[in-house]
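Trainee: Structure file data-v8.tsv (TSV, C-alpha atoms and all ligand atoms) right here:
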chain	number	residue	atom	x	y	z
A	1097	MET	CA	26.62	-14.19	-6.63
A	1098	ASN	CA	26.56	-17.17	-4.31
A	1099	LEU	CA	23.39	-19.21	-3.91
A	1100	GLU	CA	22.78	-18.14	-0.32
A	1101	SER	CA	22.87	-14.46	-1.35
A	1102	ILE	CA	20.62	-15.13	-4.33
A	1103	LEU	CA	17.92	-16.61	-2.10
A	1104	PHE	CA	18.45	-13.95	0.58
A	1105	THR	CA	18.09	-11.01	-1.82
A	1106	GLN	CA	15.02	-12.56	-3.44
A	1107	GLY	CA	13.14	-12.75	-0.15
A	1108	PHE	CA	13.55	-16.37	0.97
A	1109	GLY	CA	14.15	-15.46	4.62
A	1110	SER	CA	17.19	-14.90	6.80
A	1111	ARG	CA	20.60	-16.06	5.65
A	1112	ARG	CA	20.29	-18.99	8.04
A	1113	GLN	CA	16.91	-19.97	6.57
A	1114	CYS	CA	18.34	-19.69	3.04
A	1115	ARG	CA	21.29	-21.94	3.94
A	1116	ALA	CA	18.84	-24.48	5.41
A	1117	LEU	CA	16.71	-24.48	2.22
A	1118	ILE	CA	19.87	-25.16	0.20
A	1119	ALA	CA	21.20	-27.85	2.57
A	1120	ASP	CA	17.81	-29.61	2.43
A	1121	ALA	CA	18.16	-29.88	-1.39
A	1122	ARG	CA	15.05	-27.78	-1.95
A	1123	VAL	CA	16.83	-25.40	-4.37
A	1124	SER	CA	17.61	-26.33	-7.97
A	1125	ILE	CA	19.44	-24.63	-10.80
A	1126	GLY	CA	18.70	-25.84	-14.32
A	1127	GLY	CA	16.69	-28.73	-12.88
A	1128	VAL	CA	19.55	-30.00	-10.70
A	1129	ALA	CA	19.50	-29.67	-6.89
A	1130	CYS	CA	22.38	-27.58	-5.55
A	1131	THR	CA	23.31	-28.14	-1.89
A	1132	ASP	CA	26.33	-25.81	-1.87
A	1133	ALA	CA	25.30	-22.41	-0.44
A	1134	ASP	CA	28.62	-20.91	-1.58
A	1135	ALA	CA	28.30	-22.00	-5.22
A	1136	ASP	CA	28.54	-18.96	-7.50
A	1137	PHE	CA	26.12	-18.22	-10.33
A	1138	PRO	CA	26.06	-15.41	-12.89
A	1139	THR	CA	23.03	-13.26	-12.09
A	1140	GLY	CA	24.20	-10.38	-14.33
A	1141	ASP	CA	22.84	-9.62	-17.74
A	1142	THR	CA	21.11	-12.87	-18.72
A	1143	ALA	CA	17.89	-13.93	-17.03
A	1144	PHE	CA	18.93	-16.33	-14.29
A	1145	PHE	CA	16.32	-18.73	-12.93
A	1146	PHE	CA	16.40	-20.92	-9.86
A	1147	SER	CA	13.67	-23.06	-8.36
A	1148	VAL	CA	12.61	-23.60	-4.77
A	1149	ASP	CA	10.41	-26.61	-4.01
A	1150	GLY	CA	9.82	-26.93	-7.76
A	1151	VAL	CA	8.64	-23.34	-8.26
A	1152	ASP	CA	10.69	-21.32	-10.75
A	1153	TRP	CA	11.94	-17.87	-9.80
A	1154	PRO	CA	13.81	-15.33	-11.92
A	1155	TYR	CA	16.64	-13.48	-10.17
A	1156	ARG	CA	15.79	-9.76	-10.26
A	1157	GLU	CA	17.86	-7.06	-8.60
A	1158	HIS	CA	14.62	-5.16	-8.06
A	1159	ALA	CA	11.04	-6.38	-8.25
A	1160	TYR	CA	8.63	-4.38	-10.43
A	1161	LEU	CA	5.14	-5.88	-10.33
A	1162	LEU	CA	1.68	-5.17	-11.59
A	1163	LEU	CA	-1.40	-6.45	-9.75
A	1164	ASN	CA	-4.97	-6.42	-10.98
A	1165	LYS	CA	-6.35	-5.33	-7.64
A	1166	PRO	CA	-9.78	-6.71	-6.77
A	1167	ALA	CA	-12.25	-4.85	-4.52
A	1168	GLY	CA	-12.02	-5.54	-0.80
A	1169	TYR	CA	-8.22	-5.34	-0.43
A	1170	GLU	CA	-6.20	-2.63	1.30
A	1171	CYS	CA	-2.88	-1.35	-0.07
A	1172	SER	CA	-1.18	-1.91	3.26
A	1173	ARG	CA	0.83	-4.70	4.83
A	1174	ASP	CA	-1.04	-4.06	8.02
A	1175	PRO	CA	-4.68	-3.69	6.91
A	1176	GLN	CA	-7.32	-2.27	9.26
A	1177	HIS	CA	-10.64	-3.66	7.98
A	1178	HIS	CA	-10.02	-5.79	4.89
A	1179	LEU	CA	-7.49	-8.19	3.46
A	1180	SER	CA	-4.09	-6.91	2.36
A	1181	VAL	CA	-3.10	-6.86	-1.32
A	1182	PHE	CA	0.06	-8.64	-0.11
A	1183	SER	CA	-2.06	-11.71	0.62
A	1184	LEU	CA	-2.44	-12.00	-3.19
A	1185	LEU	CA	1.34	-12.17	-3.71
A	1186	PRO	CA	4.01	-14.75	-2.82
A	1187	PRO	CA	5.39	-13.87	0.66
A	1188	GLN	CA	8.88	-13.40	-0.79
A	1189	PHE	CA	7.84	-9.99	-2.12
A	1190	ALA	CA	6.89	-8.54	1.26
A	1191	GLU	CA	10.03	-10.15	2.73
A	1192	ARG	CA	12.26	-8.30	0.26
A	1193	GLY	CA	10.56	-4.96	0.95
A	1194	VAL	CA	8.11	-4.64	-1.95
A	1195	GLN	CA	5.62	-1.86	-1.35
A	1196	CYS	CA	2.67	-0.35	-3.21
A	1197	VAL	CA	3.51	2.47	-5.62
A	1198	GLY	CA	0.75	4.81	-4.46
A	1199	ARG	CA	-2.49	3.52	-3.02
A	1200	LEU	CA	-5.90	2.56	-4.29
A	1201	ASP	CA	-8.92	2.61	-1.97
A	1202	GLN	CA	-10.04	-0.81	-0.75
A	1203	ASP	CA	-13.07	-0.72	-3.08
A	1204	THR	CA	-11.11	0.51	-6.13
A	1205	THR	CA	-10.07	-2.14	-8.65
A	1206	GLY	CA	-7.46	-2.36	-11.39
A	1207	LEU	CA	-3.87	-1.46	-12.05
A	1208	LEU	CA	-1.64	-1.34	-8.98
A	1209	LEU	CA	2.15	-1.16	-9.22
A	1210	LEU	CA	4.43	-2.59	-6.55
A	1211	SER	CA	8.20	-2.45	-6.19
A	1212	ASP	CA	11.14	-2.69	-3.80
A	1213	ASP	CA	13.05	-0.03	-5.74
A	1214	GLY	CA	12.83	3.04	-3.50
A	1215	LYS	CA	13.79	5.45	-6.30
A	1216	PHE	CA	11.09	4.05	-8.56
A	1217	VAL	CA	8.46	4.25	-5.81
A	1218	HIS	CA	9.47	7.84	-5.07
A	1219	LEU	CA	9.48	8.80	-8.75
A	1220	PHE	CA	5.93	7.59	-9.29
A	1221	THR	CA	4.48	8.88	-6.03
A	1222	SER	CA	6.20	12.26	-5.78
A	1223	PRO	CA	3.68	15.11	-6.12
A	1224	LYS	CA	6.31	16.92	-8.23
A	1225	ARG	CA	6.22	14.28	-10.89
A	1226	LYS	CA	3.01	14.40	-12.92
A	1227	VAL	CA	2.05	11.00	-14.30
A	1228	PRO	CA	-1.33	10.64	-16.05
A	1229	LYS	CA	-3.59	7.98	-14.54
A	1230	VAL	CA	-6.78	6.88	-16.24
A	1231	TYR	CA	-9.73	5.82	-14.09
A	1232	ILE	CA	-13.09	4.43	-15.17
A	1233	ALA	CA	-15.82	5.52	-12.80
A	1234	THR	CA	-19.39	4.31	-12.57
A	1235	THR	CA	-21.60	7.14	-11.40
A	1236	ARG	CA	-24.86	6.99	-9.46
A	1237	HIS	CA	-26.60	9.57	-11.65
A	1238	PRO	CA	-26.41	9.93	-15.44
A	1239	LEU	CA	-23.55	12.18	-16.49
A	1240	ASP	CA	-24.27	15.51	-18.13
A	1241	ASP	CA	-22.19	18.05	-20.03
A	1242	ALA	CA	-22.05	20.46	-17.09
A	1243	GLN	CA	-20.45	17.77	-14.91
A	1244	LEU	CA	-17.92	16.82	-17.59
A	1245	SER	CA	-17.02	20.49	-18.14
A	1246	ALA	CA	-16.66	21.06	-14.40
A	1247	LEU	CA	-14.24	18.11	-14.18
A	1248	ARG	CA	-12.21	19.41	-17.11
A	1249	ASP	CA	-12.22	23.06	-15.94
A	1250	GLY	CA	-11.37	22.20	-12.35
A	1251	VAL	CA	-13.26	21.51	-9.12
A	1252	LEU	CA	-12.37	22.78	-5.67
A	1253	LEU	CA	-11.74	19.98	-3.18
A	1254	HIS	CA	-11.88	20.50	0.56
A	1255	GLY	CA	-8.42	21.38	1.90
A	1256	GLU	CA	-6.93	22.16	-1.51
A	1257	PRO	CA	-5.80	25.72	-2.21
A	1258	LYS	CA	-6.91	25.75	-5.84
A	1259	PRO	CA	-9.24	23.84	-8.16
A	1260	ILE	CA	-8.03	20.53	-9.58
A	1261	ALA	CA	-8.77	19.84	-13.23
A	1262	ALA	CA	-8.88	16.47	-14.98
A	1263	VAL	CA	-6.62	16.26	-18.02
A	1264	ASP	CA	-9.56	14.58	-19.71
A	1265	ALA	CA	-13.10	13.64	-18.73
A	1266	ALA	CA	-15.17	11.74	-21.27
A	1267	ALA	CA	-18.43	9.83	-20.92
A	1268	ARG	CA	-18.17	6.17	-21.91
A	1269	GLY	CA	-21.85	5.54	-21.32
A	1270	ALA	CA	-24.75	7.20	-19.49
A	1271	ASN	CA	-23.22	6.40	-16.08
A	1272	THR	CA	-19.63	5.64	-17.04
A	1273	LEU	CA	-16.81	8.14	-17.09
A	1274	ALA	CA	-13.15	7.93	-18.16
A	1275	LEU	CA	-11.18	10.43	-16.13
A	1276	THR	CA	-7.48	11.21	-16.54
A	1277	VAL	CA	-5.77	12.90	-13.60
A	1278	MET	CA	-2.16	13.81	-12.91
A	1279	GLU	CA	-2.20	13.97	-9.13
A	1280	GLY	CA	-2.68	11.20	-6.59
A	1281	LYS	CA	-4.50	12.92	-3.76
A	1282	TYR	CA	-6.54	11.11	-1.12
A	1283	HIS	CA	-9.86	9.86	-2.63
A	1284	GLN	CA	-9.18	12.32	-5.44
A	1285	VAL	CA	-11.40	10.89	-8.17
A	1286	LYS	CA	-14.34	10.20	-5.87
A	1287	ARG	CA	-14.07	13.70	-4.42
A	1288	MET	CA	-13.81	15.29	-7.87
A	1289	ILE	CA	-16.92	13.48	-9.07
A	1290	ALA	CA	-18.79	14.52	-5.91
A	1291	ALA	CA	-17.64	18.12	-6.37
A	1292	ALA	CA	-18.96	18.03	-9.94
A	1293	GLY	CA	-22.41	17.10	-8.61
A	1294	ASN	CA	-22.51	13.32	-9.04
A	1295	ARG	CA	-21.41	10.30	-6.98
A	1296	CYS	CA	-18.83	7.63	-7.72
A	1297	GLU	CA	-20.28	4.14	-7.19
A	1298	ALA	CA	-17.34	2.11	-8.50
A	1299	LEU	CA	-13.81	2.96	-9.56
A	1300	HIS	CA	-11.29	1.10	-11.69
A	1301	ARG	CA	-7.77	2.18	-12.68
A	1302	GLU	CA	-7.10	1.31	-16.28
A	1303	ARG	CA	-3.76	2.96	-17.06
A	1304	ILE	CA	-0.70	4.67	-15.56
A	1305	GLY	CA	1.41	6.64	-18.03
A	1306	GLY	CA	1.56	4.54	-21.19
A	1307	LEU	CA	1.04	1.26	-19.32
A	1308	ALA	CA	-2.44	-0.27	-19.52
A	1309	LEU	CA	-3.78	-3.05	-17.32
A	1310	PRO	CA	-3.48	-6.18	-19.51
A	1311	GLU	CA	-6.96	-7.42	-20.44
A	1312	THR	CA	-5.82	-11.01	-19.92
A	1313	LEU	CA	-4.79	-10.48	-16.29
A	1314	ALA	CA	-7.61	-11.74	-14.04
A	1315	PRO	CA	-8.63	-9.81	-10.91
A	1316	GLY	CA	-6.27	-10.84	-8.10
A	1317	ALA	CA	-3.53	-11.95	-10.52
A	1318	TRP	CA	-0.10	-10.33	-10.74
A	1319	GLN	CA	2.80	-10.28	-13.17
A	1320	TRP	CA	6.38	-9.04	-13.38
A	1321	LEU	CA	6.92	-5.85	-15.35
A	1322	ASP	CA	9.54	-6.19	-18.07
A	1323	GLU	CA	11.70	-3.48	-19.66
A	1324	THR	CA	9.02	-2.76	-22.28
A	1325	ASP	CA	6.39	-2.25	-19.57
A	1326	LEU	CA	8.71	0.06	-17.62
A	1327	GLY	CA	9.35	2.04	-20.82
A	1328	SER	CA	5.60	2.35	-21.43
A	1329	LEU	CA	5.09	3.54	-17.89
A	1330	ARG	CA	7.57	6.37	-18.38
A	1331	SER	CA	6.34	7.23	-21.87
A	1332	GLY	CA	2.81	8.19	-20.82
A	1401	LIG	N1	-9.13	8.25	-6.51
A	1401	LIG	C1	-9.98	7.76	-5.58
A	1401	LIG	O1	-10.92	8.42	-5.17
A	1401	LIG	N2	-9.74	6.50	-5.14
A	1401	LIG	C2	-8.75	5.71	-5.58
A	1401	LIG	O2	-8.61	4.57	-5.15
A	1401	LIG	C3	-7.88	6.25	-6.54
A	1401	LIG	C4	-8.08	7.53	-6.99
Since I need it in another form, could you write the structure as C-alpha cells?

Mentor:
Amino acid sequence: MNLESILFTQGFGSRRQCRALIADARVSIGGVACTDADADFPTGDTAFFFSVDGVDWPYREHAYLLLNKPAGYECSRDPQHHLSVFSLLPPQFAERGVQCVGRLDQDTTGLLLLSDDGKFVHLFTSPKRKVPKVYIATTRHPLDDAQLSALRDGVLLHGEPKPIAAVDAAARGANTLALTVMEGKYHQVKRMIAAAGNRCEALHRERIGGLALPETLAPGAWQWLDETDLGSLRSG
C-alpha cells in the first residue's frame, strides 16, 4: 500500500492532508523520513509501523480498542452534558470512524470497547447475540438474599414484555454486587437493582465475554486489542 493510503486509512486526514504530512518530512518508516507519498510498503501479515511527528503507529486494517472509561464521559462523539470518551483518544480514531461498541452511562466506569469494524460492532451490540457482561455495582442499602434471588429469578422492567434475569448475582460485600447480564438495555443494571428493591450508587463494567479490564490500565487510558484479546472476547 502506498504511504498516502496508509496515512489516509489510519485517520490522518484527507488525502491532501496526508500528502502534505509526507512532503513536510513528518512521516518516518524505520526511523527514516519518507517524503514519497507513492512509496509502497507491505502492510500485510507482519506488523507494520510508521511514525508521524515522532509518534509510532501500527498499521491496522481495523481498529479494535479497549478504554478504561472514567466517570463523567459520554459514549458519544457529540456529547450533551459531559465530555466525550473520544476526547480521551487520539483524534485519528474518530477520523477513521471508530465508534463505541455499545454504550455506558456517563457515570459508569470500566471496560468500553471501540472499533471501526462495522461487523464487529454489530455482532457485539445485536440483541440477538447474547454476550455476558459483568458489572460491579455499589448499592445504597445493604444487599439481602431476597434482592439477590429477585435479580437471579428475573425482575420486570418498565416497557419490557417479560422479566429479565441476571445470569449471576453475587454479593461481594455488604453493599457491593457482581451482576452478570446478557442484554444491553438502556440503564439495564441500574433499573434491575431498583426493581429488586435497592439503588445503584456506582457502576463499573469489569468484563465482556472472556475479556476482563486489565488491572494495570489506569482510568482514562486505552489500549489496542490483540488477537488473543479478541479471542477472549468471543470465548466468554
Ligand atoms: N447498565 C446500566 O444501568 N448502565 C450502564 O452504563 C451499563 C449497564

Trainee: For stretch 1107-1115 of chain A, find every residue with an atom within 8 Å (counting all atoms listed in the file), except residues of its own chain fewer than 4 positions away, and show them as a PyMOL selection string.

Mentor: chain A and resi 1100-1101+1103+1119+1133+1187-1192

Trainee: Could I get the residue neighbourhood of ligand LIG 1401 (chain A) at 7 Å, counting all atoms listed in the file, as a PyMOL selection string?

Mentor: chain A and resi 1199-1201+1204+1280+1282-1287+1299

Trainee: When distances are computed from only C-alpha atoms, which of A:Cys1196, A:Leu1185, A:Cys1130, A:Leu1207 shows the smallest separation from A:Leu1313?

Mentor: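 Using only C-alpha atoms, A:Leu1313 sits closest to A:Leu1207.
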
Trainee: Show me, as a ChimeraX atom specification, the residues that have an atom within 8 Å of A:Leu1099 when counting all atoms listed in the file, minus same-chain residues fewer than 4 positions from it.

Mentor: /A:1103,1132-1137

Trainee: List the spatial neighbours of A:Gln1243 as a list in words - criterion: any atom at most 8 Å away, only C-alpha atoms, same-chain residues fewer than 2 positions off excluded.

Mentor: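 What passes the distance filter is Leu1239, Asp1240, Asp1241, Ser1245, Ala1246, Leu1247, Ala1292, Gly1293 and Asn1294 of chain A.
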
Trainee: Tell me, as a list of chain:residue names, which residues lie within 10 Å of A:Gly1140, counting all atoms listed in the file; anything in the same chain fewer than 2 positions away does not count.

Mentor: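 The neighbour list is A:Met1097, A:Phe1137, A:Pro1138, A:Thr1142, A:Ala1143, A:Phe1144, A:Tyr1155, A:Arg1156, A:Glu1157.
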
Trainee: I'd like the interatomic distance between atom CA of A:Leu1219 and atom CA of A:His1178, to a tenth of an Å.

Mentor: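 Those two atoms sit 27.9 Å apart.
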
Trainee: With all atoms listed in the file as the counted atoms, please give the residues lying no more than 10 Å from A:Thr1205, apart from itself and same-chain residues fewer than 6 positions off, as a compact mmCIF listing (two decimals) with C-alpha atoms, keeping the file's coordinate frame.

Mentor:
# COMPACT_ATOMS: atom_id res chain seq x y z
CA LEU A 1163 -1.40 -6.45 -9.75
CA ASN A 1164 -4.97 -6.42 -10.98
CA LYS A 1165 -6.35 -5.33 -7.64
CA PRO A 1166 -9.78 -6.71 -6.77
CA ALA A 1167 -12.25 -4.85 -4.52
CA GLY A 1168 -12.02 -5.54 -0.80
CA TYR A 1169 -8.22 -5.34 -0.43
CA TYR A 1231 -9.73 5.82 -14.09
CA ILE A 1232 -13.09 4.43 -15.17
CA ALA A 1298 -17.34 2.11 -8.50
CA LEU A 1299 -13.81 2.96 -9.56
CA HIS A 1300 -11.29 1.10 -11.69
CA ARG A 1301 -7.77 2.18 -12.68
CA GLU A 1302 -7.10 1.31 -16.28
CA PRO A 1315 -8.63 -9.81 -10.91
CA GLY A 1316 -6.27 -10.84 -8.10

Trainee: Find the residue from A:Gly1255, A:Gly1250, A:Pro1228, A:Gly1214 that sits nearest to A:Gly1306; use only C-alpha atoms when measuring.

Mentor: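 Smallest separation from A:Gly1306 among the options: A:Pro1228.
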
Trainee: Restricting the calculation to all atoms listed in the file: of A:Val1181, A:His1237, A:His1218, A:Asn1271, which residue gets closest to A:Gln1202?

Mentor: A:Val1181

Trainee: Find, counting all atoms listed in the file, the residue in A:Ser1124, A:Thr1235, A:Ser1183, A:Ser1172 that gets nearest to A:Leu1275.

Mentor: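 Once distances to A:Leu1275 are computed over all atoms listed in the file, the minimum belongs to A:Thr1235.
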
Trainee: For a test of reading the model, state the distance in Å between atom CA of A:Leu1321 and atom CA of A:Cys1171, rounded to one decimal.

Mentor: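 Distance reported for this atom pair: 18.7 Å.
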
Trainee: When you draw a straight line from atom CA of A:Asp1249 to atom CA of A:Ala1233, how long is it in Å?

Mentor: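 Between these atoms lies a distance of 18.2 Å.
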
Trainee: Adding 6 Å on each side of the box along x, y and z that holds all listed atoms of stretch 1117-1120 of chain A, could you give its centre and edge lengths in Å to one decimal, as JSON?

Mentor:
{"center_x": 19.0, "center_y": -27.0, "center_z": 1.4, "size_x": 16.5, "size_y": 17.1, "size_z": 14.4}

Trainee: Pick out the closest residue to A:Ile1304 from this set: A:Arg1268, A:His1158, A:His1177, A:Lys1229. Count all atoms listed in the file.

Mentor: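 Counting all atoms listed in the file, the residue closest to A:Ile1304 is A:Lys1229.
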
Trainee: Could you list as a list in words every residue that has an atom within 10 Å of (-1.3, 11.9, -11.3), using the file's coordinates and counting all atoms listed in the file?

Mentor: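 Protein, DNA and RNA residues close to (-1.3, 11.9, -11.3): Phe1220, Thr1221, Ser1222, Pro1223, Lys1224, Arg1225, Lys1226, Val1227, Pro1228, Lys1229, Val1230, Ala1262, Val1263, Thr1276, Val1277, Met1278, Glu1279, Gly1280, Lys1281, Gln1284, Ile1304 and Gly1305 of chain A.
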